[in-house]
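Text of the file target37.cif, holding mmCIF, C-alpha atoms:
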data_upload
#
loop_
_atom_site.group_PDB
_atom_site.id
_atom_site.type_symbol
_atom_site.label_atom_id
_atom_site.label_comp_id
_atom_site.auth_asym_id
_atom_site.auth_seq_id
_atom_site.Cartn_x
_atom_site.Cartn_y
_atom_site.Cartn_z
ATOM 1 C CA MET A 1 -30.163 -2.376 14.090
ATOM 2 C CA LYS A 2 -32.301 -5.214 12.721
ATOM 3 C CA LYS A 3 -32.637 -6.072 9.053
ATOM 4 C CA HIS A 4 -36.289 -4.995 8.870
ATOM 5 C CA GLU A 5 -35.334 -1.652 10.451
ATOM 6 C CA LEU A 6 -32.677 -1.076 7.787
ATOM 7 C CA ASP A 7 -35.153 -2.026 5.044
ATOM 8 C CA ARG A 8 -37.635 0.509 6.409
ATOM 9 C CA ALA A 9 -34.940 3.188 6.721
ATOM 10 C CA ILE A 10 -33.959 2.658 3.071
ATOM 11 C CA ASP A 11 -37.593 2.865 1.935
ATOM 12 C CA GLN A 12 -38.105 6.084 3.921
ATOM 13 C CA GLN A 13 -34.691 7.484 2.923
ATOM 14 C CA LYS A 14 -33.736 7.767 6.575
ATOM 15 C CA VAL A 15 -30.593 5.641 6.634
ATOM 16 C CA PRO A 16 -28.064 6.860 9.244
ATOM 17 C CA SER A 17 -25.238 8.932 7.790
ATOM 18 C CA ALA A 18 -22.708 6.318 8.912
ATOM 19 C CA MET A 19 -23.300 2.563 8.715
ATOM 20 C CA MET A 20 -21.229 -0.481 9.563
ATOM 21 C CA LEU A 21 -22.261 -3.618 7.655
ATOM 22 C CA TYR A 22 -20.828 -6.930 8.796
ATOM 23 C CA GLY A 23 -21.770 -10.557 9.366
ATOM 24 C CA GLU A 24 -21.870 -14.005 7.806
ATOM 25 C CA SER A 25 -23.606 -13.027 4.559
ATOM 26 C CA HIS A 26 -21.147 -11.270 2.265
ATOM 27 C CA PHE A 27 -23.881 -11.116 -0.334
ATOM 28 C CA LEU A 28 -26.142 -9.048 1.941
ATOM 29 C CA ILE A 29 -23.231 -6.775 2.865
ATOM 30 C CA GLU A 30 -22.734 -6.069 -0.859
ATOM 31 C CA TYR A 31 -26.482 -5.803 -1.422
ATOM 32 C CA TYR A 32 -27.095 -3.184 1.270
ATOM 33 C CA MET A 33 -23.891 -1.329 0.515
ATOM 34 C CA ARG A 34 -25.130 -0.862 -3.056
ATOM 35 C CA HIS A 35 -28.541 0.376 -1.920
ATOM 36 C CA ILE A 36 -27.188 2.752 0.718
ATOM 37 C CA SER A 37 -24.580 4.236 -1.619
ATOM 38 C CA ASN A 38 -27.078 4.797 -4.444
ATOM 39 C CA LEU A 39 -27.039 8.580 -4.058
ATOM 40 C CA ASP A 40 -27.093 11.407 -6.594
ATOM 41 C CA ASN A 41 -24.321 13.983 -6.960
ATOM 42 C CA VAL A 42 -22.048 12.435 -4.372
ATOM 43 C CA ASN A 43 -18.278 12.282 -4.505
ATOM 44 C CA ILE A 44 -17.495 8.640 -3.629
ATOM 45 C CA LEU A 45 -14.157 7.264 -2.484
ATOM 46 C CA THR A 46 -13.850 3.501 -1.996
ATOM 47 C CA LEU A 47 -10.835 2.072 -0.188
ATOM 48 C CA TYR A 48 -10.114 -1.657 -0.257
ATOM 49 C CA ASN A 49 -8.164 -3.569 2.431
ATOM 50 C CA ASP A 50 -4.524 -2.439 2.223
ATOM 51 C CA GLU A 51 -5.510 0.774 0.415
ATOM 52 C CA TYR A 52 -6.878 2.125 3.675
ATOM 53 C CA SER A 53 -5.117 5.151 5.068
ATOM 54 C CA LEU A 54 -6.576 7.241 7.877
ATOM 55 C CA ASN A 55 -5.216 10.462 6.355
ATOM 56 C CA THR A 56 -6.749 9.659 2.947
ATOM 57 C CA ALA A 57 -10.103 8.857 4.557
ATOM 58 C CA LEU A 58 -10.057 11.993 6.722
ATOM 59 C CA THR A 59 -9.133 14.165 3.733
ATOM 60 C CA HIS A 60 -12.033 12.829 1.674
ATOM 61 C CA LEU A 61 -14.611 13.451 4.384
ATOM 62 C CA SER A 62 -13.137 16.894 5.072
ATOM 63 C CA GLN A 63 -13.656 17.940 1.441
ATOM 64 C CA GLY A 64 -17.411 18.004 1.962
ATOM 65 C CA SER A 65 -17.176 20.738 4.565
ATOM 66 C CA LEU A 66 -14.466 22.650 2.668
ATOM 67 C CA PHE A 67 -16.118 22.772 -0.769
ATOM 68 C CA GLY A 68 -19.777 22.364 0.071
ATOM 69 C CA GLY A 69 -20.266 19.079 -1.791
ATOM 70 C CA ASP A 70 -21.491 15.737 -0.507
ATOM 71 C CA SER A 71 -18.841 13.105 0.209
ATOM 72 C CA LEU A 72 -19.275 9.374 0.676
ATOM 73 C CA LEU A 73 -16.459 7.245 2.069
ATOM 74 C CA ILE A 74 -16.699 3.464 1.648
ATOM 75 C CA LEU A 75 -14.227 1.225 3.457
ATOM 76 C CA ARG A 76 -14.287 -2.391 2.229
ATOM 77 C CA SER A 77 -12.044 -4.567 4.312
ATOM 78 C CA SER A 78 -11.614 -8.053 5.724
ATOM 79 C CA LYS A 79 -9.378 -6.458 8.365
ATOM 80 C CA LYS A 80 -10.699 -4.456 11.268
ATOM 81 C CA ILE A 81 -10.173 -0.715 11.182
ATOM 82 C CA PRO A 82 -8.927 0.540 14.564
ATOM 83 C CA LYS A 83 -11.750 1.838 16.708
ATOM 84 C CA ALA A 84 -9.914 5.120 17.306
ATOM 85 C CA ASP A 85 -9.763 5.687 13.520
ATOM 86 C CA LEU A 86 -13.463 5.020 13.159
ATOM 87 C CA GLU A 87 -14.290 7.462 15.932
ATOM 88 C CA ARG A 88 -12.333 10.237 14.158
ATOM 89 C CA LEU A 89 -14.126 9.512 10.883
ATOM 90 C CA LEU A 90 -17.483 9.502 12.654
ATOM 91 C CA GLU A 91 -16.685 12.897 14.170
ATOM 92 C CA LEU A 92 -16.337 14.351 10.654
ATOM 93 C CA VAL A 93 -19.669 12.858 9.657
ATOM 94 C CA ASP A 94 -21.220 14.351 12.763
ATOM 95 C CA LYS A 95 -19.825 17.814 11.981
ATOM 96 C CA ASN A 96 -21.109 17.836 8.413
ATOM 97 C CA PRO A 97 -24.539 16.263 7.720
ATOM 98 C CA THR A 98 -23.768 16.001 3.991
ATOM 99 C CA ASN A 99 -21.013 13.473 4.714
ATOM 100 C CA ARG A 100 -21.719 9.756 4.422
ATOM 101 C CA PHE A 101 -19.641 6.825 5.641
ATOM 102 C CA ILE A 102 -20.050 3.081 5.035
ATOM 103 C CA TYR A 103 -17.762 0.522 6.651
ATOM 104 C CA ALA A 104 -18.249 -2.894 5.019
ATOM 105 C CA TYR A 105 -16.405 -5.436 7.140
ATOM 106 C CA PHE A 106 -15.979 -8.817 5.410
ATOM 107 C CA GLY A 107 -13.956 -10.465 8.185
ATOM 108 C CA THR A 108 -15.160 -13.222 10.480
ATOM 109 C CA ASP A 109 -14.118 -11.926 13.900
ATOM 110 C CA PHE A 110 -17.388 -10.601 15.284
ATOM 111 C CA LYS A 111 -16.689 -11.056 18.995
ATOM 112 C CA LYS A 112 -14.350 -8.114 19.450
ATOM 113 C CA GLY A 113 -16.547 -5.755 17.508
ATOM 114 C CA VAL A 114 -15.985 -2.123 16.693
ATOM 115 C CA SER A 115 -19.639 -1.628 15.805
ATOM 116 C CA SER A 116 -20.212 0.120 19.136
ATOM 117 C CA ALA A 117 -18.381 3.156 17.742
ATOM 118 C CA PHE A 118 -21.184 3.527 15.179
ATOM 119 C CA ASP A 119 -24.016 2.747 17.578
ATOM 120 C CA ARG A 120 -22.844 5.352 20.095
ATOM 121 C CA SER A 121 -21.941 8.074 17.631
ATOM 122 C CA GLY A 122 -25.403 9.612 17.297
ATOM 123 C CA VAL A 123 -25.144 9.677 13.492
ATOM 124 C CA GLY A 124 -24.488 6.019 12.793
ATOM 125 C CA GLY A 125 -25.748 2.499 13.125
ATOM 126 C CA SER A 126 -24.539 -1.040 12.593
ATOM 127 C CA ILE A 127 -26.098 -4.289 11.463
ATOM 128 C CA ARG A 128 -24.928 -7.899 11.516
ATOM 129 C CA LEU A 129 -26.181 -9.644 8.391
ATOM 130 C CA PHE A 130 -26.804 -13.375 8.631
ATOM 131 C CA HIS A 131 -27.379 -15.712 5.712
ATOM 132 C CA PRO A 132 -30.939 -14.970 4.583
ATOM 133 C CA TYR A 133 -33.696 -17.449 5.287
ATOM 134 C CA GLN A 134 -35.454 -18.887 2.278
ATOM 135 C CA ASN A 135 -38.358 -16.438 2.360
ATOM 136 C CA ASP A 136 -36.027 -13.421 2.662
ATOM 137 C CA ALA A 137 -33.862 -14.736 -0.182
ATOM 138 C CA LYS A 138 -36.955 -15.267 -2.317
ATOM 139 C CA MET A 139 -38.208 -11.717 -1.778
ATOM 140 C CA ILE A 140 -34.775 -10.239 -2.596
ATOM 141 C CA LEU A 141 -34.628 -12.350 -5.759
ATOM 142 C CA ILE A 142 -38.091 -11.185 -6.851
ATOM 143 C CA SER A 143 -37.087 -7.565 -6.197
ATOM 144 C CA GLU A 144 -33.838 -7.894 -8.172
ATOM 145 C CA ALA A 145 -35.697 -9.588 -11.032
ATOM 146 C CA LYS A 146 -38.208 -6.736 -11.136
ATOM 147 C CA ARG A 147 -35.334 -4.248 -11.306
ATOM 148 C CA LYS A 148 -34.153 -6.074 -14.444
ATOM 149 C CA GLY A 149 -37.628 -6.116 -15.987
ATOM 150 C CA ILE A 150 -38.373 -9.755 -15.154
ATOM 151 C CA GLU A 151 -41.477 -11.086 -13.443
ATOM 152 C CA LEU A 152 -40.972 -14.035 -11.108
ATOM 153 C CA ASP A 153 -43.741 -15.461 -8.976
ATOM 154 C CA HIS A 154 -42.996 -17.042 -5.601
ATOM 155 C CA TYR A 155 -42.896 -20.599 -6.922
ATOM 156 C CA VAL A 156 -40.593 -19.774 -9.835
ATOM 157 C CA SER A 157 -38.241 -17.721 -7.638
ATOM 158 C CA LEU A 158 -38.001 -20.646 -5.222
ATOM 159 C CA HIS A 159 -37.241 -22.987 -8.133
ATOM 160 C CA LEU A 160 -34.455 -20.676 -9.292
ATOM 161 C CA LEU A 161 -32.967 -20.557 -5.796
ATOM 162 C CA GLU A 162 -33.077 -24.324 -5.477
ATOM 163 C CA SER A 163 -31.436 -24.726 -8.880
ATOM 164 C CA GLN A 164 -28.424 -22.911 -7.394
ATOM 165 C CA ASN A 165 -28.495 -24.848 -4.102
ATOM 166 C CA GLY A 166 -29.940 -21.858 -2.237
ATOM 167 C CA ASP A 167 -27.107 -19.502 -3.213
ATOM 168 C CA LEU A 168 -28.767 -16.107 -3.595
ATOM 169 C CA ALA A 169 -25.785 -14.465 -5.305
ATOM 170 C CA LEU A 170 -25.607 -17.178 -7.971
ATOM 171 C CA SER A 171 -29.372 -17.006 -8.489
ATOM 172 C CA ILE A 172 -29.244 -13.249 -9.081
ATOM 173 C CA ASN A 173 -26.375 -13.726 -11.526
ATOM 174 C CA GLU A 174 -28.656 -15.968 -13.595
ATOM 175 C CA LEU A 175 -31.252 -13.208 -14.034
ATOM 176 C CA ASP A 176 -29.358 -11.661 -16.962
ATOM 177 C CA LYS A 177 -29.598 -14.959 -18.847
ATOM 178 C CA LEU A 178 -33.288 -15.264 -18.057
ATOM 179 C CA ALA A 179 -33.960 -11.687 -19.182
ATOM 180 C CA LEU A 180 -33.136 -12.744 -22.738
ATOM 181 C CA SER A 181 -36.200 -14.999 -22.741
ATOM 182 C CA GLY A 182 -38.643 -12.191 -22.009
ATOM 183 C CA SER A 183 -40.258 -10.609 -18.992
ATOM 184 C CA HIS A 184 -42.402 -13.563 -17.884
ATOM 185 C CA ILE A 185 -40.240 -16.430 -16.622
ATOM 186 C CA GLY A 186 -41.513 -19.897 -15.783
ATOM 187 C CA VAL A 187 -40.056 -23.080 -14.350
ATOM 188 C CA LYS A 188 -39.398 -24.423 -17.844
ATOM 189 C CA ASP A 189 -37.258 -21.366 -18.697
ATOM 190 C CA ILE A 190 -35.135 -21.979 -15.627
ATOM 191 C CA ASP A 191 -34.699 -25.676 -16.406
ATOM 192 C CA GLU A 192 -33.671 -24.925 -19.981
ATOM 193 C CA ILE A 193 -31.492 -21.840 -19.454
ATOM 194 C CA VAL A 194 -30.003 -21.782 -15.992
ATOM 195 C CA TYR A 195 -26.685 -23.513 -15.577
ATOM 196 C CA GLY A 196 -26.487 -25.786 -12.564
ATOM 197 C CA THR A 197 -29.991 -27.246 -12.702
ATOM 198 C CA ALA A 198 -28.671 -30.728 -13.411
ATOM 199 C CA GLU A 199 -26.533 -30.613 -10.280
ATOM 200 C CA PHE A 200 -29.623 -29.728 -8.310
ATOM 201 C CA LYS A 201 -31.538 -32.609 -9.859
ATOM 202 C CA ILE A 202 -28.837 -35.040 -8.722
ATOM 203 C CA GLU A 203 -29.425 -33.814 -5.185
ATOM 204 C CA GLN A 204 -33.163 -34.096 -5.788
ATOM 205 C CA LEU A 205 -32.628 -37.692 -6.825
ATOM 206 C CA SER A 206 -30.582 -38.474 -3.708
ATOM 207 C CA SER A 207 -33.203 -36.855 -1.475
ATOM 208 C CA ALA A 208 -36.077 -38.691 -3.169
ATOM 209 C CA LEU A 209 -34.193 -41.943 -2.695
ATOM 210 C CA VAL A 210 -33.597 -41.393 1.033
ATOM 211 C CA GLU A 211 -37.132 -40.154 1.643
ATOM 212 C CA LYS A 212 -38.572 -43.142 -0.278
ATOM 213 C CA LYS A 213 -40.296 -40.980 -2.875
ATOM 214 C CA LYS A 214 -40.734 -41.598 -6.601
ATOM 215 C CA PHE A 215 -37.495 -40.892 -8.414
ATOM 216 C CA LEU A 216 -37.761 -42.335 -11.941
ATOM 217 C CA GLU A 217 -38.755 -39.035 -13.590
ATOM 218 C CA ILE A 218 -35.802 -37.202 -12.007
ATOM 219 C CA LEU A 219 -33.468 -40.029 -13.018
ATOM 220 C CA GLN A 220 -34.712 -39.953 -16.589
ATOM 221 C CA ARG A 221 -34.134 -36.199 -16.889
ATOM 222 C CA LEU A 222 -30.605 -36.617 -15.563
ATOM 223 C CA LEU A 223 -29.818 -39.341 -18.083
ATOM 224 C CA GLU A 224 -31.299 -37.241 -20.887
ATOM 225 C CA SER A 225 -29.127 -34.281 -19.863
ATOM 226 C CA GLY A 226 -25.962 -36.341 -20.363
ATOM 227 C CA TYR A 227 -25.227 -37.707 -16.892
ATOM 228 C CA ASP A 228 -23.999 -41.290 -16.997
ATOM 229 C CA GLU A 229 -24.796 -44.055 -14.514
ATOM 230 C CA VAL A 230 -21.417 -43.933 -12.770
ATOM 231 C CA ARG A 231 -21.599 -40.193 -12.099
ATOM 232 C CA ILE A 232 -25.098 -40.587 -10.682
ATOM 233 C CA LEU A 233 -24.028 -43.432 -8.395
ATOM 234 C CA THR A 234 -21.008 -41.428 -7.220
ATOM 235 C CA ALA A 235 -23.198 -38.426 -6.371
ATOM 236 C CA ILE A 236 -25.649 -40.589 -4.430
ATOM 237 C CA SER A 237 -22.782 -42.251 -2.512
ATOM 238 C CA SER A 238 -21.451 -38.806 -1.646
ATOM 239 C CA HIS A 239 -24.873 -37.707 -0.381
ATOM 240 C CA ILE A 240 -25.256 -40.826 1.771
ATOM 241 C CA SER A 241 -21.718 -40.375 3.126
ATOM 242 C CA VAL A 242 -22.506 -36.826 4.248
ATOM 243 C CA LEU A 243 -25.626 -38.079 6.017
ATOM 244 C CA TYR A 244 -23.529 -40.766 7.714
ATOM 245 C CA LEU A 245 -21.118 -38.088 8.956
ATOM 246 C CA TYR A 246 -24.094 -36.154 10.358
ATOM 247 C CA ASN A 247 -25.209 -39.327 12.107
ATOM 248 C CA LEU A 248 -21.778 -40.092 13.600
ATOM 249 C CA HIS A 249 -21.116 -36.510 14.694
ATOM 250 C CA THR A 250 -24.510 -36.236 16.372
ATOM 251 C CA ARG A 251 -23.975 -39.471 18.303
ATOM 252 C CA VAL A 252 -20.739 -38.019 19.738
ATOM 253 C CA HIS A 253 -21.617 -34.336 20.176
ATOM 254 C CA ALA A 254 -25.444 -34.410 20.404
ATOM 255 C CA HIS A 255 -25.776 -31.559 17.918
ATOM 256 C CA THR A 256 -24.485 -31.166 14.352
ATOM 257 C CA THR A 257 -24.535 -28.447 11.691
ATOM 258 C CA SER A 258 -23.282 -28.343 8.128
ATOM 259 C CA MET A 259 -20.339 -26.253 9.363
ATOM 260 C CA ASP A 260 -19.179 -29.244 11.430
ATOM 261 C CA ILE A 261 -19.412 -31.638 8.483
ATOM 262 C CA LEU A 262 -18.766 -29.581 5.346
ATOM 263 C CA GLY A 263 -16.787 -26.646 6.693
ATOM 264 C CA TYR A 264 -19.394 -24.130 5.512
ATOM 265 C CA ARG A 265 -23.014 -23.366 6.263
ATOM 266 C CA LEU A 266 -25.769 -24.597 3.992
ATOM 267 C CA PRO A 267 -28.894 -22.490 3.417
ATOM 268 C CA PRO A 268 -31.343 -23.017 6.326
ATOM 269 C CA SER A 269 -33.815 -25.005 4.192
ATOM 270 C CA LYS A 270 -31.044 -27.350 2.983
ATOM 271 C CA GLU A 271 -29.696 -27.680 6.531
ATOM 272 C CA GLN A 272 -33.120 -28.790 7.736
ATOM 273 C CA GLU A 273 -33.363 -31.280 4.870
ATOM 274 C CA TYR A 274 -30.060 -32.918 5.824
ATOM 275 C CA GLN A 275 -31.038 -32.938 9.500
ATOM 276 C CA LYS A 276 -34.272 -34.694 8.636
ATOM 277 C CA GLN A 277 -32.703 -37.211 6.266
ATOM 278 C CA TYR A 278 -29.814 -38.508 8.360
ATOM 279 C CA MET A 279 -32.277 -39.623 11.063
ATOM 280 C CA ARG A 280 -34.194 -41.743 8.538
ATOM 281 C CA ILE A 281 -31.268 -44.145 8.128
ATOM 282 C CA LYS A 282 -30.161 -46.433 10.960
ATOM 283 C CA PRO A 283 -26.398 -46.693 11.599
ATOM 284 C CA TYR A 284 -26.141 -50.302 10.404
ATOM 285 C CA GLN A 285 -27.972 -49.418 7.157
ATOM 286 C CA TYR A 286 -25.338 -46.894 6.065
ATOM 287 C CA LYS A 287 -22.666 -49.579 5.700
ATOM 288 C CA LYS A 288 -24.946 -51.863 3.664
ATOM 289 C CA ILE A 289 -26.115 -49.076 1.346
ATOM 290 C CA LEU A 290 -22.651 -47.646 0.696
ATOM 291 C CA LYS A 291 -21.235 -51.120 0.098
ATOM 292 C CA LEU A 292 -23.980 -51.867 -2.438
ATOM 293 C CA LEU A 293 -23.465 -48.560 -4.288
ATOM 294 C CA CYS A 294 -19.687 -49.112 -4.505
ATOM 295 C CA GLU A 295 -20.117 -52.688 -5.770
ATOM 296 C CA VAL A 296 -22.606 -51.661 -8.455
ATOM 297 C CA GLU A 297 -20.457 -48.695 -9.496
ATOM 298 C CA LEU A 298 -17.507 -51.077 -10.003
ATOM 299 C CA GLN A 299 -19.768 -53.511 -11.856
ATOM 300 C CA ILE A 300 -20.986 -50.842 -14.275
ATOM 301 C CA LYS A 301 -17.461 -49.527 -14.862
ATOM 302 C CA SER A 302 -16.278 -53.048 -15.726
ATOM 303 C CA SER A 303 -19.268 -53.950 -17.887
ATOM 304 C CA HIS A 304 -19.695 -53.500 -21.626
ATOM 305 C CA SER A 305 -23.390 -54.302 -21.377
ATOM 306 C CA ASN A 306 -26.113 -51.999 -22.694
ATOM 307 C CA ALA A 307 -28.159 -52.719 -19.588
ATOM 308 C CA LYS A 308 -26.412 -50.157 -17.361
ATOM 309 C CA ASN A 309 -29.581 -48.088 -17.150
ATOM 310 C CA THR A 310 -31.584 -51.096 -15.967
ATOM 311 C CA THR A 311 -28.874 -52.007 -13.453
ATOM 312 C CA LEU A 312 -28.936 -48.476 -12.059
ATOM 313 C CA ILE A 313 -32.723 -48.462 -11.615
ATOM 314 C CA ALA A 314 -32.677 -51.887 -9.972
ATOM 315 C CA THR A 315 -29.961 -50.734 -7.587
ATOM 316 C CA LEU A 316 -31.815 -47.592 -6.544
ATOM 317 C CA LEU A 317 -34.991 -49.565 -5.941
ATOM 318 C CA ARG A 318 -32.983 -51.986 -3.836
ATOM 319 C CA VAL A 319 -31.544 -49.088 -1.818
ATOM 320 C CA GLN A 320 -35.044 -47.852 -1.073
ATOM 321 C CA SER A 321 -36.081 -51.346 0.002
ATOM 322 C CA MET A 322 -33.193 -51.372 2.487
ATOM 323 C CA LEU A 323 -34.405 -48.233 4.235
#

Would you write the structure of this file as structure tokens?
Amino acid sequence: MKKHELDRAIDQQKVPSAMMLYGESHFLIEYYMRHISNLDNVNILTLYNDEYSLNTALTHLSQGSLFGGDSLLILRSSKKIPKADLERLLELVDKNPTNRFIYAYFGTDFKKGVSSAFDRSGVGGSIRLFHPYQNDAKMILISEAKRKGIELDHYVSLHLLESQNGDLALSINELDKLALSGSHIGVKDIDEIVYGTAEFKIEQLSSALVEKKKFLEILQRLLESGYDEVRILTAISSHISVLYLYNLHTRVHAHTTSMDILGYRLPPSKEQEYQKQYMRIKPYQYKKILKLLCEVELQIKSSHSNAKNTTLIATLLRVQSML
């Protein structure tokens, strides 16, 4: 099953009686599990990881046929449930249409899947949920905001996502804070209320520097928010170092992703930004830039001068001139 097919099934209230949710995006697994299990007058049993027992699960689904009520079984596990167990549970769902079954698999082993048990059952389906692209994340954020009585337009929702480095779960968590400001939320509300915006602006500054864009306004807002010159230089050095690792890895392996460099996947838009930026800097320039940033950082740490701000600006302008 594809994501758009599941969305349509939810809208039309035609979700299969048994669903397996799995994939890279734990947020989307939680998100769809909540929507699918939002049923009235249903007796729900949720079993987590080591709580799972086949007898307990079978007993719960059997109660629906014995007492005439609707039963929903939710298995949340990072471990795979044996395929034979799943087939027995699916048989009970098949025998009683009032039964519901959701298997939320949070593990990472997708190759030896058990999703085929759901796809072949006649009453079930499965879906692999990847990290949402920016537009999908934006639409989910707008929908969740509306559910909380908040109006976000497309630009503001994108700004909120970017303030949390593209993390949809963190962005949704911020909606409760924003709700206190009223129903109409603007960019200014996000900048003033949402925690983490300053971190995003440091990355904005690094990106503006590499892409040879104007950066003084971003720098000023960072300084006003309490960031000192050393912390800013350290963050920029870290950003340049990551780009250098992209560059080196690509020269050896021809292709590089954030998983190779950072050990985790960045949001697609951020991945593309890094891919674009590391190619802007020639290999010999990395050494010169990093050396300059380290020297100036040491200089500022050792100085008692009030001209640290001026030194920082001069250094960043010099970095841009080196590109």

Requested in this report: Using CA of Ala235 (chain A) and CA of Ile202 (chain A) as the two end points, give the distance in Å to one decimal.
Outcome: 7.0 Å

Query raised in the report: Between A:Ser115, A:Asn96, A:Thr59, A:Asn49, which one has atoms that come closest to Tyr22 (chain A), using all atoms listed in the file?
Result: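 With all atoms listed in the file as the atom set, the closest residue is A:Ser115.
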
Kindly provide the residues of region 26-138 of chain A that approach region 153-159 of chain A to within 12 Å, each paired with its closest atom pair and their distance in Å to one decimal, based on only C-alpha atoms, listed by chain and increasing number, as CSV.
residue,atom,partner,partner_atom,distance
A:Tyr133,CA,A:Leu158,CA,11.8
A:Gln134,CA,A:Leu158,CA,8.1
A:Asn135,CA,A:Leu158,CA,8.7
A:Asp136,CA,A:Leu158,CA,10.9
A:Ala137,CA,A:Leu158,CA,8.8
A:Lys138,CA,A:Ser157,CA,6.0

Query raised in the report: At what distance in Å, to one decimal, does CA of Lys201 (chain A) lie from CA of Leu266 (chain A)?
Result: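 Value for the CA of Leu266 (chain A)-CA of Lys201 (chain A) distance: 17.0 Å.
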
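Going from CA of Thr56 (chain A) over to CA of Asp40 (chain A), you cover 22.5 Å.
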
Requested in this report: Convert the output of the PyMOL selection byres ((chain A and resi 275) around 10) on the shown file into explicit residues, formatted as a ChimeraX atom specification.
Outcome: /A:243,246-247,256-258,269-274,276-280

Report task. With a distance cut-off of 12 Å and all atoms listed in the file, select the neighbouring residues of Thr310 (chain A), excluding the residue or stretch itself and same-chain residues fewer than 4 positions from it, and output the selection as number ranges by chain. Result -> A: 216, 219-220, 229, 296, 300, 305-306, 314-317

**Report entry** Expected residue set, 12 Å radius at (-26.1, 2.2, -3.7), all atoms listed in the file, as an NGL selection string
**Finding:** :A and (10 or 15 or 29-40 or 42 or 44 or 72 or 74 or 100 or 102)

Report task. Identify all residues satisfying the PyMOL selection byres ((chain A and resi 118) around 9) in the given file; provide them as a PyMOL selection string. Result -> chain A and resi 18-20+86-87+90+114-117+119-126

Those selected residues, please, written with C-alpha atoms and delivered as a PDB file, in the frame of the given file.
ATOM      1  CA  ALA A  18     -22.708   6.318   8.912  1.00  0.00           C
ATOM      2  CA  MET A  19     -23.300   2.563   8.715  1.00  0.00           C
ATOM      3  CA  MET A  20     -21.229  -0.481   9.563  1.00  0.00           C
ATOM      4  CA  LEU A  86     -13.463   5.020  13.159  1.00  0.00           C
ATOM      5  CA  GLU A  87     -14.290   7.462  15.932  1.00  0.00           C
ATOM      6  CA  LEU A  90     -17.483   9.502  12.654  1.00  0.00           C
ATOM      7  CA  VAL A 114     -15.985  -2.123  16.693  1.00  0.00           C
ATOM      8  CA  SER A 115     -19.639  -1.628  15.805  1.00  0.00           C
ATOM      9  CA  SER A 116     -20.212   0.120  19.136  1.00  0.00           C
ATOM     10  CA  ALA A 117     -18.381   3.156  17.742  1.00  0.00           C
ATOM     11  CA  ASP A 119     -24.016   2.747  17.578  1.00  0.00           C
ATOM     12  CA  ARG A 120     -22.844   5.352  20.095  1.00  0.00           C
ATOM     13  CA  SER A 121     -21.941   8.074  17.631  1.00  0.00           C
ATOM     14  CA  GLY A 122     -25.403   9.612  17.297  1.00  0.00           C
ATOM     15  CA  VAL A 123     -25.144   9.677  13.492  1.00  0.00           C
ATOM     16  CA  GLY A 124     -24.488   6.019  12.793  1.00  0.00           C
ATOM     17  CA  GLY A 125     -25.748   2.499  13.125  1.00  0.00           C
ATOM     18  CA  SER A 126     -24.539  -1.040  12.593  1.00  0.00           C
TER      19      SER A 126
END

Query - Residues in the PyMOL selection byres ((chain A and resi 78-81) around 9), expressed as a list in words - result: Tyr48, Asn49, Asp50, Tyr52, Leu75, Arg76, Ser77, Pro82, Lys83, Ala84, Asp85, Leu86, Tyr103, Ala104, Tyr105, Phe106, Gly107, Thr108, Asp109, Gly113 and Val114 of chain A

C-alpha atoms of the current selection, written as a short mmCIF file (atom, residue, chain, number, x, y, z; two decimals), in the frame of the given file:
data_model
loop_
_atom_site.label_atom_id
_atom_site.label_comp_id
_atom_site.auth_asym_id
_atom_site.auth_seq_id
_atom_site.Cartn_x
_atom_site.Cartn_y
_atom_site.Cartn_z
CA TYR A 48 -10.11 -1.66 -0.26
CA ASN A 49 -8.16 -3.57 2.43
CA ASP A 50 -4.52 -2.44 2.22
CA TYR A 52 -6.88 2.12 3.68
CA LEU A 75 -14.23 1.23 3.46
CA ARG A 76 -14.29 -2.39 2.23
CA SER A 77 -12.04 -4.57 4.31
CA PRO A 82 -8.93 0.54 14.56
CA LYS A 83 -11.75 1.84 16.71
CA ALA A 84 -9.91 5.12 17.31
CA ASP A 85 -9.76 5.69 13.52
CA LEU A 86 -13.46 5.02 13.16
CA TYR A 103 -17.76 0.52 6.65
CA ALA A 104 -18.25 -2.89 5.02
CA TYR A 105 -16.40 -5.44 7.14
CA PHE A 106 -15.98 -8.82 5.41
CA GLY A 107 -13.96 -10.46 8.18
CA THR A 108 -15.16 -13.22 10.48
CA ASP A 109 -14.12 -11.93 13.90
CA GLY A 113 -16.55 -5.76 17.51
CA VAL A 114 -15.98 -2.12 16.69
#

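Neighbouring residues of region 290-294 of chain A at 8 Å or closer, counting only C-alpha atoms and skipping chain neighbours under 2 positions away, are Leu233, Ser237, Ile240, Ser241, Tyr286, Lys287, Lys288, Val296, Glu297, Leu298 and Thr315 of chain A.
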
For region 46-50 of chain A, write N, CA and C atoms out as a short mmCIF file (atom, residue, chain, number, x, y, z; two decimals), in the first residue's frame.
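Resulting contents of part.cif:
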data_model
loop_
_atom_site.label_atom_id
_atom_site.label_comp_id
_atom_site.auth_asym_id
_atom_site.auth_seq_id
_atom_site.Cartn_x
_atom_site.Cartn_y
_atom_site.Cartn_z
N THR A 46 -3.08 -2.72 24.06
CA THR A 46 -1.79 -2.39 23.46
C THR A 46 -0.69 -3.16 24.18
N LEU A 47 0.10 -3.89 23.42
CA LEU A 47 1.21 -4.66 23.96
C LEU A 47 2.52 -4.11 23.43
N TYR A 48 3.46 -3.83 24.34
CA TYR A 48 4.74 -3.26 23.98
C TYR A 48 5.84 -4.31 24.07
N ASN A 49 6.67 -4.40 23.06
CA ASN A 49 7.89 -5.22 23.06
C ASN A 49 7.76 -6.52 23.85
N ASP A 50 8.41 -6.58 25.03
CA ASP A 50 8.46 -7.82 25.80
C ASP A 50 7.13 -8.18 26.44
#
